[in-house]
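Asker: Pasting protein_33.txt below, which is compact mmCIF, C-alpha atoms (C1' of nucleotides).
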```txt
# COMPACT_ATOMS: atom_id res chain seq x y z
CA MET J 1 78.69 124.51 121.27
CA VAL J 2 81.63 122.18 121.38
CA VAL J 3 84.48 123.06 123.71
CA ARG J 4 87.72 122.36 121.91
CA ARG J 5 90.91 121.82 123.79
CA PRO J 6 93.38 124.62 123.15
CA VAL J 7 95.62 123.79 120.23
CA GLU J 8 99.04 123.04 121.60
CA PRO J 9 102.08 123.25 119.37
CA ALA J 10 102.49 119.98 117.52
CA THR J 11 105.02 117.46 118.72
CA PRO J 12 108.50 117.45 117.15
CA VAL J 13 107.97 114.36 115.01
CA THR J 14 104.53 115.41 113.86
CA ARG J 15 105.45 119.05 113.32
CA ASP J 16 108.35 118.36 110.98
CA LEU J 17 106.37 115.86 108.95
CA LEU J 18 103.46 118.26 108.78
CA VAL J 19 105.68 121.03 107.42
CA ALA J 20 107.08 118.68 104.79
CA PHE J 21 103.67 117.33 103.81
CA LYS J 22 102.28 120.82 103.42
CA ALA J 23 105.22 121.80 101.23
CA LEU J 24 104.89 118.72 99.02
CA ALA J 25 101.08 118.71 98.84
CA ASP J 26 101.12 120.73 95.64
CA GLU J 27 101.74 119.26 92.21
CA THR J 28 103.99 122.04 91.00
CA ARG J 29 106.14 121.96 94.12
CA LEU J 30 106.35 118.18 94.03
CA ARG J 31 107.60 118.35 90.45
CA ILE J 32 110.16 121.00 91.34
CA PHE J 33 111.32 119.06 94.37
CA THR J 34 111.61 115.87 92.31
CA LEU J 35 113.76 117.68 89.78
CA LEU J 36 115.99 119.00 92.55
CA THR J 37 116.59 115.53 93.96
CA ARG J 38 118.16 114.67 90.62
CA GLN J 39 120.38 117.65 90.08
CA GLU J 40 121.23 121.13 91.19
CA LEU J 41 119.43 123.73 89.09
CA CYS J 42 119.12 127.49 88.94
CA VAL J 43 115.72 129.16 88.89
CA CYS J 44 115.69 129.88 85.17
CA GLU J 45 116.41 126.26 84.36
CA ILE J 46 113.43 125.17 86.43
CA GLU J 47 111.26 127.74 84.67
CA GLU J 48 112.31 126.35 81.32
CA ALA J 49 111.92 122.73 82.32
CA LEU J 50 108.42 123.18 83.70
CA GLY J 51 107.24 126.00 81.45
CA LEU J 52 106.19 128.12 84.41
CA PRO J 53 106.55 131.89 84.94
CA GLN J 54 109.47 133.14 86.99
CA SER J 55 107.54 134.57 89.92
CA LEU J 56 105.64 131.33 90.39
CA VAL J 57 108.78 129.21 90.44
CA SER J 58 110.45 131.63 92.79
CA ASN J 59 107.45 131.54 95.11
CA HIS J 60 107.36 127.77 95.20
CA LEU J 61 111.09 127.62 95.83
CA ALA J 62 110.62 129.95 98.79
CA VAL J 63 108.03 127.59 100.23
CA LEU J 64 110.28 124.57 99.77
CA ARG J 65 113.20 126.52 101.24
CA GLN J 66 111.25 127.62 104.31
CA ALA J 67 110.17 124.01 104.80
CA GLY J 68 113.85 123.06 104.87
CA LEU J 69 113.52 120.72 101.91
CA VAL J 70 115.86 122.54 99.52
CA ARG J 71 118.97 124.67 99.86
CA ALA J 72 119.93 127.75 97.84
CA ARG J 73 123.46 128.65 96.79
CA ARG J 74 124.75 131.63 94.88
CA ASP J 75 127.11 130.80 92.04
CA GLU J 76 130.68 131.84 92.87
CA THR J 77 131.53 133.24 89.45
CA VAL J 78 128.15 134.57 88.29
CA ALA J 79 126.54 135.86 91.43
CA ARG J 80 123.11 136.51 89.94
CA TRP J 81 122.54 132.80 89.50
CA VAL J 82 121.03 131.04 92.48
CA PHE J 83 121.24 127.26 92.42
CA TYR J 84 118.84 125.05 94.30
CA ARG J 85 119.11 121.41 95.33
CA ALA J 86 117.20 119.06 97.57
CA ASP J 87 118.74 118.95 101.04
CA PRO J 88 119.99 115.36 101.48
CA GLU J 89 120.03 115.62 105.27
CA ALA J 90 116.48 116.92 105.36
CA VAL J 91 115.38 114.09 103.12
CA ALA J 92 117.08 111.51 105.34
CA THR J 93 115.58 113.03 108.48
CA LEU J 94 112.18 113.06 106.85
CA ARG J 95 112.41 109.42 105.93
CA GLN J 96 113.36 108.53 109.48
CA LYS J 97 110.56 110.55 111.04
CA TRP J 98 108.07 108.99 108.67
CA ALA J 99 109.27 105.56 109.83
CA THR J 100 109.05 106.69 113.45
CA LEU J 101 105.49 107.84 112.99
CA LEU J 102 104.49 104.45 111.63
CA GLU J 103 106.06 102.57 114.51
CA VAL J 104 103.82 100.85 117.00
CA LYS J 105 105.03 102.63 120.09
CA PRO J 106 104.83 106.41 120.35
CA ALA J 107 108.20 108.01 119.80
CA PRO J 108 109.90 109.39 122.92
CA GLY J 109 109.02 113.04 123.31
CA ASP J 110 105.95 112.71 121.14
CA ARG J 111 103.73 113.96 123.91
CA ARG J 112 100.76 115.02 121.84
CA ARG J 113 100.44 111.57 120.37
CA ALA J 114 100.94 109.89 123.75
CA GLU J 115 98.19 112.09 125.17
CA ASP J 116 95.83 111.14 122.38
CA VAL J 117 96.37 107.46 123.03
CA CYS J 118 96.22 107.91 126.80
CA ARG J 119 92.89 109.64 126.61
CA LEU J 120 91.49 106.53 124.99
CA ARG J 121 92.43 104.40 127.98
CA ARG J 122 90.33 106.44 130.40
CA PRO J 123 86.93 104.80 130.71
CA MET S 1 100.82 136.59 78.98
CA VAL S 2 102.62 133.36 79.67
CA VAL S 3 101.59 130.32 77.68
CA ARG S 4 101.46 127.37 80.04
CA ARG S 5 101.72 123.86 78.73
CA PRO S 6 98.45 122.01 79.21
CA VAL S 7 98.40 120.25 82.54
CA GLU S 8 98.69 116.56 81.85
CA PRO S 9 97.57 114.05 84.45
CA ALA S 10 100.37 113.47 86.89
CA THR S 11 102.51 110.39 86.57
CA PRO S 12 101.63 107.30 88.63
CA VAL S 13 104.38 107.69 91.19
CA THR S 14 103.85 111.40 91.59
CA ARG S 15 100.07 111.21 91.61
CA ASP S 16 99.82 108.68 94.44
CA LEU S 17 102.31 110.57 96.56
CA LEU S 18 100.52 113.81 95.86
CA VAL S 19 97.20 112.36 97.02
CA ALA S 20 98.82 111.08 100.21
CA PHE S 21 100.64 114.35 100.89
CA LYS S 22 97.45 116.34 100.44
CA ALA S 23 95.63 114.05 102.83
CA LEU S 24 98.34 114.25 105.48
CA ALA S 25 99.07 117.98 105.09
CA ASP S 26 96.61 118.83 107.83
CA GLU S 27 97.40 118.61 111.52
CA THR S 28 94.08 117.10 112.54
CA ARG S 29 94.22 114.44 109.85
CA LEU S 30 97.84 113.64 110.65
CA ARG S 31 96.88 113.11 114.29
CA ILE S 32 93.97 110.89 113.33
CA PHE S 33 96.08 108.89 110.92
CA THR S 34 98.80 108.47 113.53
CA LEU S 35 96.27 107.14 115.99
CA LEU S 36 94.98 104.69 113.40
CA THR S 37 98.43 103.30 112.74
CA ARG S 38 98.49 102.24 116.38
CA GLN S 39 95.07 100.66 116.73
CA GLU S 40 91.70 100.21 115.14
CA LEU S 41 89.21 102.77 116.44
CA CYS S 42 85.61 103.70 115.88
CA VAL S 43 84.63 107.29 115.09
CA CYS S 44 83.38 108.10 118.58
CA GLU S 45 86.66 106.97 120.12
CA ILE S 46 88.58 109.31 117.86
CA GLU S 47 86.23 112.14 118.77
CA GLU S 48 86.89 111.52 122.44
CA ALA S 49 90.62 111.13 122.05
CA LEU S 50 91.04 114.35 120.09
CA GLY S 51 88.19 116.35 121.60
CA LEU S 52 86.78 117.19 118.19
CA PRO S 53 83.12 117.33 117.04
CA GLN S 54 81.66 114.33 115.27
CA SER S 55 81.07 115.89 111.87
CA LEU S 56 84.63 117.14 111.71
CA VAL S 57 86.12 113.75 112.52
CA SER S 58 83.81 112.07 110.04
CA ASN S 59 84.80 114.55 107.36
CA HIS S 60 88.50 114.02 107.94
CA LEU S 61 88.03 110.25 107.91
CA ALA S 62 86.30 110.55 104.56
CA VAL S 63 89.31 112.42 103.17
CA LEU S 64 91.73 109.83 104.52
CA ARG S 65 89.51 107.06 103.18
CA GLN S 66 89.28 108.59 99.70
CA ALA S 67 93.04 108.94 99.71
CA GLY S 68 93.28 105.22 100.37
CA LEU S 69 95.17 105.69 103.62
CA VAL S 70 92.61 104.14 105.97
CA ARG S 71 90.00 101.40 105.74
CA ALA S 72 86.53 101.35 107.30
CA ARG S 73 84.83 98.24 108.69
CA ARG S 74 81.39 97.83 110.25
CA ASP S 75 81.34 95.94 113.52
CA GLU S 76 79.79 92.49 113.07
CA THR S 77 77.75 92.52 116.30
CA VAL S 78 76.94 96.23 116.66
CA ALA S 79 76.45 97.43 113.12
CA ARG S 80 76.25 101.13 113.93
CA TRP S 81 79.90 101.16 114.93
CA VAL S 82 82.33 101.79 112.09
CA PHE S 83 85.94 100.98 112.86
CA TYR S 84 88.82 102.60 111.06
CA ARG S 85 92.45 101.55 110.75
CA ALA S 86 95.43 102.61 108.70
CA ASP S 87 95.78 100.48 105.57
CA PRO S 88 99.08 98.61 105.98
CA GLU S 89 99.39 97.93 102.25
CA ALA S 90 98.82 101.56 101.40
CA VAL S 91 101.45 102.58 103.92
CA ALA S 92 103.95 100.11 102.49
CA THR S 93 103.23 101.25 98.95
CA LEU S 94 103.60 104.83 100.00
CA ARG S 95 106.96 104.19 101.58
CA GLN S 96 108.17 102.50 98.43
CA LYS S 97 106.98 105.27 96.13
CA TRP S 98 108.62 107.84 98.35
CA ALA S 99 111.88 105.92 98.01
CA THR S 100 111.38 105.67 94.26
CA LEU S 101 110.87 109.39 93.98
CA LEU S 102 114.14 110.06 95.75
CA GLU S 103 116.12 107.72 93.51
CA VAL S 104 118.57 109.20 91.06
CA LYS S 105 117.10 107.73 87.92
CA PRO S 106 113.52 108.49 86.94
CA ALA S 107 111.23 105.56 87.65
CA PRO S 108 110.04 103.61 84.61
CA GLY S 109 106.75 105.01 83.46
CA ASP S 110 107.31 108.30 85.19
CA ARG S 111 106.96 110.17 81.95
CA ARG S 112 106.18 113.59 83.34
CA ARG S 113 109.39 113.60 85.33
CA ALA S 114 111.41 112.24 82.43
CA GLU S 115 110.02 115.00 80.22
CA ASP S 116 110.96 117.63 82.76
CA VAL S 117 114.53 116.41 82.87
CA CYS S 118 114.68 115.95 79.10
CA ARG S 119 113.61 119.49 78.46
CA LEU S 120 116.64 120.64 80.38
CA ARG S 121 118.99 118.85 78.00
CA ARG S 122 117.74 120.74 74.96
CA PRO S 123 119.98 123.75 74.39
C1' DT H 1 125.90 155.71 83.84
C1' DC H 2 122.51 152.99 81.66
C1' DA H 3 120.47 148.73 80.15
C1' DT H 4 119.82 144.06 80.98
C1' DC H 5 119.75 139.78 83.36
C1' DA H 6 118.44 136.68 87.39
C1' DT H 7 115.89 136.51 91.25
C1' DA H 8 112.75 138.01 94.98
C1' DT H 9 108.65 140.10 96.70
C1' DC H 10 104.11 142.06 96.74
C1' DA H 11 98.99 143.07 95.83
C1' DG H 12 94.97 141.39 93.93
C1' DC H 13 92.04 137.71 92.35
C1' DC H 14 90.10 133.45 92.74
C1' DT H 15 89.87 128.76 94.24
C1' DT H 16 90.27 125.39 97.72
C1' DC H 17 89.39 123.83 102.12
C1' DA H 18 88.79 123.42 107.28
C1' DC H 19 85.30 124.16 110.45
C1' DT H 20 80.53 124.62 112.25
C1' DG H 21 75.71 123.58 112.77
C1' DA H 22 72.01 121.27 111.00
C1' DT H 23 69.97 117.50 108.92
C1' DA H 24 69.83 112.67 106.96
C1' DT H 25 70.48 107.67 107.38
C1' DG H 26 70.34 103.61 109.54
C1' DA H 27 70.83 100.51 113.38
C1' DT H 28 69.51 99.46 118.18
C1' DA H 29 66.61 99.68 122.37
C1' DC H 30 62.33 100.35 124.67
C1' DG O 1 55.66 102.02 116.71
C1' DT O 2 59.08 105.97 119.04
C1' DA O 3 63.45 107.36 120.91
C1' DT O 4 68.22 107.18 120.88
C1' DC O 5 72.76 106.09 119.30
C1' DA O 6 76.58 106.14 115.71
C1' DT O 7 77.78 107.87 111.54
C1' DA O 8 77.48 110.44 107.15
C1' DT O 9 76.50 114.43 104.46
C1' DC O 10 75.55 119.13 103.29
C1' DA O 11 75.25 124.45 103.18
C1' DG O 12 77.38 128.39 104.81
C1' DT O 13 81.36 131.00 106.45
C1' DG O 14 85.90 132.43 106.92
C1' DA O 15 90.70 131.65 106.25
C1' DA O 16 94.56 129.85 103.66
C1' DG O 17 96.91 129.44 99.55
C1' DG O 18 98.03 129.19 94.36
C1' DC O 19 98.46 132.05 90.38
C1' DT O 20 99.34 136.37 87.81
C1' DG O 21 101.26 140.80 86.75
C1' DA O 22 103.93 144.39 88.35
C1' DT O 23 107.61 146.10 90.83
C1' DA O 24 111.98 145.83 93.65
C1' DT O 25 116.77 144.34 94.29
C1' DG O 26 121.07 143.50 92.95
C1' DA O 27 124.63 141.80 89.85
C1' DT O 28 126.70 142.14 85.16
C1' DG O 29 128.11 144.31 80.86
C1' DA O 30 128.46 148.00 77.46
```
Just give me the structure of the file as structure tokens.

Answerer:
Amino acid sequence: MVVRRPVEPATPVTRDLLVAFKALADETRLRIFTLLTRQELCVCEIEEALGLPQSLVSNHLAVLRQAGLVRARRDETVARWVFYRADPEAVATLRQKWATLLEVKPAPGDRRRAEDVCRLRRP
Amino acid sequence: MVVRRPVEPATPVTRDLLVAFKALADETRLRIFTLLTRQELCVCEIEEALGLPQSLVSNHLAVLRQAGLVRARRDETVARWVFYRADPEAVATLRQKWATLLEVKPAPGDRRRAEDVCRLRRP
DNA sequence: TCATCATATCAGCCTTCACTGATATGATAC
DNA sequence: GTATCATATCAGTGAAGGCTGATATGATGA
């Protein structure tokens, strides 16, 4: 019987990256996200482009939205159309956090990671 | 009944990123990988640092290894020790492909993505 | 009002996958 | 040789998640 330490909430840097990785770790979502970095599209356009059923696309968009990777916007004139696009700020933040993770020194406030390293130093 | 287009193998850029995202879309593996970007460690050190059972750590290392994110090396003097480290080349490649994905124009050879965009242009 | 369009949500099915415990392999020490 | 250490692998279990089909919501148009 192995005693596991209680799972603490992940550190800020790790948590955000983890959310993004989970959201992009699916081929369909990665394709949708890639499309949305190029241009703003409504749901039906994505369906047509990828040849996927509506409910599936809508589900995947919800996942990407909850991960903060894309933003939804209702069309001003035709309110039933919802347009999605990749969130440029989220993308920039993600890129920075990815760089931070790969840095040599643990990022400030990244306690979980610091603890992991610290535990190695104890003989 | 919705007729789905046959799933073609993903494009080079997308495929590599997808493999990496899948490998890093797990909190335990992300912690292990983060540790290995800091220093080279053997399996038992990772176990101790994270407080996880041996088989679990070994399993996660196998996933990271198969994804090309880490490299294993047997110690020259004590051959039962296997040291792992993050693969710097893989990390660099990953960073570049991530940047490529976020570019406006589809990368050369990224046919799947080009097809997705093209299909949108057909009225 | 009624029908239709665009999107969201939900239940069920099925696959994938993280975790555990046990066993296998292979090197080192006695 | 036998015992132990370090690691890898495998079967079983339970949970998470992708996909589908149906339904719900809400806007638009006749």

Asker: For chain H, which residues have at least one atom within 12 Å of chain S, if we go by all atoms listed in the file? Write them as an mmCIF file with C-alpha atoms (C1' of nucleotides), keeping the file's coordinate frame, please.

Answerer:
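Result file follows (part21.cif):
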```cif
data_model
loop_
_atom_site.group_PDB
_atom_site.id
_atom_site.type_symbol
_atom_site.label_atom_id
_atom_site.label_comp_id
_atom_site.auth_asym_id
_atom_site.auth_seq_id
_atom_site.Cartn_x
_atom_site.Cartn_y
_atom_site.Cartn_z
ATOM 1 C "C1'" DT H 16 90.270 125.390 97.720
ATOM 2 C "C1'" DC H 17 89.390 123.830 102.120
ATOM 3 C "C1'" DA H 18 88.790 123.420 107.280
ATOM 4 C "C1'" DC H 19 85.300 124.160 110.450
ATOM 5 C "C1'" DT H 20 80.530 124.620 112.250
ATOM 6 C "C1'" DG H 21 75.710 123.580 112.770
ATOM 7 C "C1'" DA H 22 72.010 121.270 111.000
ATOM 8 C "C1'" DT H 23 69.970 117.500 108.920
ATOM 9 C "C1'" DT H 25 70.480 107.670 107.380
ATOM 10 C "C1'" DG H 26 70.340 103.610 109.540
ATOM 11 C "C1'" DA H 27 70.830 100.510 113.380
ATOM 12 C "C1'" DT H 28 69.510 99.460 118.180
#
```

Asker: Using only C-alpha atoms (C1' of nucleotides) and a cut-off of 8 Å, which residues of chain O sit close to chain J? Please list them as a PyMOL selection string.

Answerer: chain O and resi 19+26-27

Asker: Please list, as a ChimeraX atom specification, the residues that have an atom at most 12 Å away from (78.2, 102.7, 105.8) in the coordinates of this file, counting all atoms listed in the file.

Answerer: /S:58,62,71-75,79-84 /H:25-27 /O:6-9

Asker: Distance CA of Ala86 in chain S-CA of Leu30 in chain J, one decimal place?

Answerer: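 These atoms are spaced 24.0 Å apart.
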
Asker: Taking all atoms listed in the file into account, find every residue of chain S that has an atom no more than 9 Å from chain J, and write it out as a compact mmCIF listing (two decimals) with C-alpha atoms, in the coordinates of the input.

Answerer:
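File written: part_11.txt
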```txt
# COMPACT_ATOMS: atom_id res chain seq x y z
CA VAL S 2 102.62 133.36 79.67
CA VAL S 3 101.59 130.32 77.68
CA ARG S 4 101.46 127.37 80.04
CA ARG S 5 101.72 123.86 78.73
CA ALA S 10 100.37 113.47 86.89
CA THR S 14 103.85 111.40 91.59
CA ARG S 15 100.07 111.21 91.61
CA LEU S 17 102.31 110.57 96.56
CA LEU S 18 100.52 113.81 95.86
CA VAL S 19 97.20 112.36 97.02
CA ALA S 20 98.82 111.08 100.21
CA PHE S 21 100.64 114.35 100.89
CA LYS S 22 97.45 116.34 100.44
CA ALA S 23 95.63 114.05 102.83
CA LEU S 24 98.34 114.25 105.48
CA ALA S 25 99.07 117.98 105.09
CA ASP S 26 96.61 118.83 107.83
CA GLU S 27 97.40 118.61 111.52
CA LEU S 30 97.84 113.64 110.65
CA ARG S 31 96.88 113.11 114.29
CA THR S 34 98.80 108.47 113.53
CA LEU S 35 96.27 107.14 115.99
CA THR S 37 98.43 103.30 112.74
CA ARG S 38 98.49 102.24 116.38
CA GLN S 39 95.07 100.66 116.73
CA GLU S 45 86.66 106.97 120.12
CA ILE S 46 88.58 109.31 117.86
CA GLU S 48 86.89 111.52 122.44
CA ALA S 49 90.62 111.13 122.05
CA LEU S 50 91.04 114.35 120.09
CA GLY S 51 88.19 116.35 121.60
CA LEU S 52 86.78 117.19 118.19
CA PRO S 53 83.12 117.33 117.04
CA VAL S 91 101.45 102.58 103.92
CA ARG S 95 106.96 104.19 101.58
CA TRP S 98 108.62 107.84 98.35
CA ALA S 99 111.88 105.92 98.01
CA LEU S 101 110.87 109.39 93.98
CA LEU S 102 114.14 110.06 95.75
CA GLU S 103 116.12 107.72 93.51
CA VAL S 104 118.57 109.20 91.06
CA LYS S 105 117.10 107.73 87.92
CA PRO S 106 113.52 108.49 86.94
CA ARG S 112 106.18 113.59 83.34
CA ARG S 113 109.39 113.60 85.33
CA GLU S 115 110.02 115.00 80.22
CA ASP S 116 110.96 117.63 82.76
CA VAL S 117 114.53 116.41 82.87
CA CYS S 118 114.68 115.95 79.10
CA ARG S 119 113.61 119.49 78.46
CA LEU S 120 116.64 120.64 80.38
```

Asker: Rounded to one decimal in Å, what is the spacing between CA of Thr77 in chain S and C1' of DC5 in chain O?

Answerer: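 Taking CA of Thr77 in chain S as the start and C1' of DC5 in chain O as the end point, the length is 14.8 Å.
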
Asker: Suppose you want the space between CA of Leu64 in chain J and CA of Lys97 in chain J; what is it in Å?

Answerer: 18.0 Å

Asker: Could you give me, as a PDB file with C-alpha atoms (C1' of nucleotides), in the frame of the given file, the residues that sit within 10 Å of (101.3, 142.0, 93.7) in the file's coordinates, counting all atoms listed in the file?

Answerer:
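Printed below is point_38.pdb as written:
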```
ATOM      1  C1'  DT H   9     108.650 140.100  96.700  1.00  0.00           C
ATOM      2  C1'  DC H  10     104.110 142.060  96.740  1.00  0.00           C
ATOM      3  C1'  DA H  11      98.990 143.070  95.830  1.00  0.00           C
ATOM      4  C1'  DG H  12      94.970 141.390  93.930  1.00  0.00           C
TER       5       DG H  12
ATOM      6  C1'  DT O  20      99.340 136.370  87.810  1.00  0.00           C
ATOM      7  C1'  DG O  21     101.260 140.800  86.750  1.00  0.00           C
ATOM      8  C1'  DA O  22     103.930 144.390  88.350  1.00  0.00           C
ATOM      9  C1'  DT O  23     107.610 146.100  90.830  1.00  0.00           C
TER      10       DT O  23
END
```

Asker: Reconstruct range 30-45 of chain S at the level of N, CA, C and O atoms, and format the result as a PDB file, in the frame of the given file.

Answerer:
```pdb
ATOM      1  N   LEU S  30      96.598 114.352 110.319  1.00  0.00           N
ATOM      2  CA  LEU S  30      97.840 113.640 110.650  1.00  0.00           C
ATOM      3  C   LEU S  30      97.731 112.993 112.025  1.00  0.00           C
ATOM      4  O   LEU S  30      98.187 111.865 112.233  1.00  0.00           O
ATOM      5  N   ARG S  31      97.084 113.691 112.955  1.00  0.00           N
ATOM      6  CA  ARG S  31      96.880 113.110 114.290  1.00  0.00           C
ATOM      7  C   ARG S  31      95.965 111.897 114.211  1.00  0.00           C
ATOM      8  O   ARG S  31      96.237 110.854 114.831  1.00  0.00           O
ATOM      9  N   ILE S  32      94.887 112.018 113.479  1.00  0.00           N
ATOM     10  CA  ILE S  32      93.970 110.890 113.330  1.00  0.00           C
ATOM     11  C   ILE S  32      94.676 109.702 112.697  1.00  0.00           C
ATOM     12  O   ILE S  32      94.590 108.572 113.180  1.00  0.00           O
ATOM     13  N   PHE S  33      95.391 109.976 111.617  1.00  0.00           N
ATOM     14  CA  PHE S  33      96.080 108.890 110.920  1.00  0.00           C
ATOM     15  C   PHE S  33      97.104 108.219 111.832  1.00  0.00           C
ATOM     16  O   PHE S  33      97.229 106.994 111.848  1.00  0.00           O
ATOM     17  N   THR S  34      97.813 109.027 112.609  1.00  0.00           N
ATOM     18  CA  THR S  34      98.800 108.470 113.530  1.00  0.00           C
ATOM     19  C   THR S  34      98.138 107.545 114.537  1.00  0.00           C
ATOM     20  O   THR S  34      98.640 106.449 114.812  1.00  0.00           O
ATOM     21  N   LEU S  35      97.017 107.997 115.072  1.00  0.00           N
ATOM     22  CA  LEU S  35      96.270 107.140 115.990  1.00  0.00           C
ATOM     23  C   LEU S  35      95.908 105.817 115.321  1.00  0.00           C
ATOM     24  O   LEU S  35      96.054 104.746 115.923  1.00  0.00           O
ATOM     25  N   LEU S  36      95.479 105.890 114.081  1.00  0.00           N
ATOM     26  CA  LEU S  36      94.980 104.690 113.400  1.00  0.00           C
ATOM     27  C   LEU S  36      96.092 103.756 112.954  1.00  0.00           C
ATOM     28  O   LEU S  36      95.826 102.615 112.576  1.00  0.00           O
ATOM     29  N   THR S  37      97.324 104.223 112.994  1.00  0.00           N
ATOM     30  CA  THR S  37      98.430 103.300 112.740  1.00  0.00           C
ATOM     31  C   THR S  37      98.714 102.464 113.985  1.00  0.00           C
ATOM     32  O   THR S  37      99.342 101.422 113.906  1.00  0.00           O
ATOM     33  N   ARG S  38      98.271 102.956 115.141  1.00  0.00           N
ATOM     34  CA  ARG S  38      98.490 102.240 116.380  1.00  0.00           C
ATOM     35  C   ARG S  38      97.418 101.195 116.619  1.00  0.00           C
ATOM     36  O   ARG S  38      97.679 100.090 117.063  1.00  0.00           O
ATOM     37  N   GLN S  39      96.156 101.572 116.397  1.00  0.00           N
ATOM     38  CA  GLN S  39      95.070 100.660 116.730  1.00  0.00           C
ATOM     39  C   GLN S  39      93.833 101.002 115.915  1.00  0.00           C
ATOM     40  O   GLN S  39      93.696 102.113 115.421  1.00  0.00           O
ATOM     41  N   GLU S  40      92.977 100.018 115.813  1.00  0.00           N
ATOM     42  CA  GLU S  40      91.700 100.210 115.140  1.00  0.00           C
ATOM     43  C   GLU S  40      90.756 100.934 116.089  1.00  0.00           C
ATOM     44  O   GLU S  40      90.638 100.582 117.258  1.00  0.00           O
ATOM     45  N   LEU S  41      90.079 101.959 115.584  1.00  0.00           N
ATOM     46  CA  LEU S  41      89.210 102.770 116.440  1.00  0.00           C
ATOM     47  C   LEU S  41      87.914 103.082 115.720  1.00  0.00           C
ATOM     48  O   LEU S  41      87.899 103.222 114.490  1.00  0.00           O
ATOM     49  N   CYS S  42      86.839 103.222 116.491  1.00  0.00           N
ATOM     50  CA  CYS S  42      85.610 103.700 115.880  1.00  0.00           C
ATOM     51  C   CYS S  42      85.575 105.219 115.966  1.00  0.00           C
ATOM     52  O   CYS S  42      86.371 105.836 116.677  1.00  0.00           O
ATOM     53  N   VAL S  43      84.663 105.831 115.231  1.00  0.00           N
ATOM     54  CA  VAL S  43      84.630 107.290 115.090  1.00  0.00           C
ATOM     55  C   VAL S  43      84.497 107.967 116.450  1.00  0.00           C
ATOM     56  O   VAL S  43      85.200 108.932 116.743  1.00  0.00           O
ATOM     57  N   CYS S  44      83.622 107.424 117.299  1.00  0.00           N
ATOM     58  CA  CYS S  44      83.380 108.100 118.580  1.00  0.00           C
ATOM     59  C   CYS S  44      84.612 108.053 119.472  1.00  0.00           C
ATOM     60  O   CYS S  44      84.835 108.964 120.271  1.00  0.00           O
ATOM     61  N   GLU S  45      85.422 107.034 119.346  1.00  0.00           N
ATOM     62  CA  GLU S  45      86.660 106.970 120.120  1.00  0.00           C
ATOM     63  C   GLU S  45      87.645 108.050 119.668  1.00  0.00           C
ATOM     64  O   GLU S  45      88.348 108.657 120.482  1.00  0.00           O
TER      65      GLU S  45
END
```
